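Asks: To be precise about what I am sending: the file is called start_16.pdb and holds PDB, C-alpha atoms.
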ATOM      1  CA  MET X   8     276.379  -9.677-117.539
ATOM      2  CA  ALA X   9     275.670 -13.329-116.838
ATOM      3  CA  GLU X  10     277.277 -16.622-117.647
ATOM      4  CA  GLN X  11     275.286 -19.827-117.618
ATOM      5  CA  VAL X  12     276.875 -23.118-116.639
ATOM      6  CA  ALA X  13     274.458 -26.054-116.838
ATOM      7  CA  ARG X  14     271.392 -24.803-114.959
ATOM      8  CA  ILE X  15     273.329 -22.355-112.780
ATOM      9  CA  LYS X  16     273.578 -18.748-113.858
ATOM     10  CA  PHE X  17     276.369 -16.593-112.445
ATOM     11  CA  PHE X  18     275.844 -12.846-112.277
ATOM     12  CA  ARG X  19     278.565 -10.270-111.940
ATOM     13  CA  LEU X  20     277.414  -7.698-109.406
ATOM     14  CA  ASN X  21     278.325  -4.063-109.586
ATOM     15  CA  PRO X  22     280.357  -3.277-106.430
ATOM     16  CA  ARG X  23     278.907   0.250-106.404
ATOM     17  CA  ALA X  24     275.458  -1.215-105.738
ATOM     18  CA  ALA X  25     276.385  -2.074-102.126
ATOM     19  CA  PHE X  26     278.080   1.266-101.381
ATOM     20  CA  ASP X  27     276.167   3.926 -99.487
ATOM     21  CA  GLY X  28     277.408   7.425-100.157
ATOM     22  CA  PRO X  29     277.849  10.106-102.811
ATOM     23  CA  ALA X  30     278.676   9.062-106.388
ATOM     24  CA  VAL X  31     282.225  10.465-106.298
ATOM     25  CA  ALA X  32     282.993   8.495-103.144
ATOM     26  CA  GLN X  33     281.519   5.350-104.721
ATOM     27  CA  VAL X  34     283.808   5.633-107.738
ATOM     28  CA  GLU X  35     286.860   6.092-105.502
ATOM     29  CA  ALA X  36     285.879   3.226-103.205
ATOM     30  CA  VAL X  37     285.510   0.669-105.994
ATOM     31  CA  LYS X  38     288.258   1.921-108.286
ATOM     32  CA  ASP X  39     290.428  -1.099-107.481
ATOM     33  CA  ALA X  40     287.600  -3.624-107.124
ATOM     34  CA  ARG X  41     288.362  -6.939-108.778
ATOM     35  CA  PHE X  42     285.548  -8.937-110.260
ATOM     36  CA  PRO X  43     285.428 -12.625-109.300
ATOM     37  CA  VAL X  44     286.550 -15.086-111.938
ATOM     38  CA  VAL X  45     284.482 -18.249-112.213
ATOM     39  CA  PRO X  46     286.108 -20.699-114.606
ATOM     40  CA  ALA X  47     283.811 -22.667-116.877
ATOM     41  CA  PRO X  48     283.924 -26.443-116.545
ATOM     42  CA  GLN X  49     285.885 -28.430-119.097
ATOM     43  CA  LYS X  50     283.828 -29.439-122.105
ATOM     44  CA  ALA X  51     282.924 -33.114-122.158
ATOM     45  CA  PRO X  52     284.371 -35.067-125.075
ATOM     46  CA  ALA X  53     281.964 -35.407-127.977
ATOM     47  CA  ARG X  54     280.245 -38.752-128.396
ATOM     48  CA  THR X  55     280.756 -40.663-131.592
ATOM     49  CA  ARG X  56     277.798 -41.134-133.901
ATOM     50  CA  LYS X  57     277.564 -44.808-132.865
ATOM     51  CA  GLN X  58     277.472 -43.907-129.149
ATOM     52  CA  ALA X  59     274.781 -41.284-129.788
ATOM     53  CA  MET X  60     272.602 -43.724-131.739
ATOM     54  CA  THR X  61     272.965 -46.399-129.036
ATOM     55  CA  ALA X  62     271.935 -43.921-126.337
ATOM     56  CA  HIS X  63     268.976 -42.803-128.466
ATOM     57  CA  LYS X  64     267.790 -46.405-128.993
ATOM     58  CA  GLU X  65     268.119 -47.173-125.265
ATOM     59  CA  ALA X  66     266.111 -44.063-124.363
ATOM     60  CA  ARG X  67     263.324 -45.036-126.800
ATOM     61  CA  ALA X  68     263.220 -48.612-125.468
ATOM     62  CA  SER X  69     262.594 -47.535-121.876
TER      63      SER X  69
END
Would you mind writing the file's structure down as structure tokens?
Replies:
Amino acid sequence: MAEQVARIKFFRLNPRAAFDGPAVAQVEAVKDARFPVVPAPQKAPARTRKQAMTAHKEARAS
């Protein structure tokens, strides 16, 4: 599972992947593993139509 924030992609790793041992021991070792929580950034306020058109005209002029 992955979450993309801007151009950065965060992956949730399986804690069993780093464990060396039999499967039953792996399950017991990671039974209480907590996955990291990465909060998403706050969404930027939406631009008004006038602001969007002004930005578009400025981009075309340069």
Asks: Identify, on the basis of only C-alpha atoms, every residue whose closest approach to X:Pro48 does not exceed 10 Å; exclude the query and any residue fewer than 2 positions from it along the same chain; express the result as a PyMOL selection string.
Replies: chain X and resi 12-13+45-46+50-51
Asks: How far is it from atom CA of X:Thr55 to atom CA of X:Arg67, in Å with one decimal?
Replies: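 Answer for the atom CA of X:Thr55 to atom CA of X:Arg67 separation: 18.6 Å.
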Asks: What is the atom CA of X:Val44-atom CA of X:Phe18 distance in Å, reported with one decimal?
Replies: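 Interatomic distance, atom CA of X:Val44 to atom CA of X:Phe18: 10.9 Å.
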Asks: Can you tell me which residues surround stretch 37-39 of chain X at a distance of at most 12 Å, considering all atoms listed in the file, apart from same-chain residues fewer than 5 positions away, and format the answer as a list in words?
Replies: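 Near neighbours after the sequence-gap exclusion: Asn21, Pro22, Arg23, Ala24, Ala25, Phe26, Asp27, Ala30, Val31 and Ala32 of chain X.
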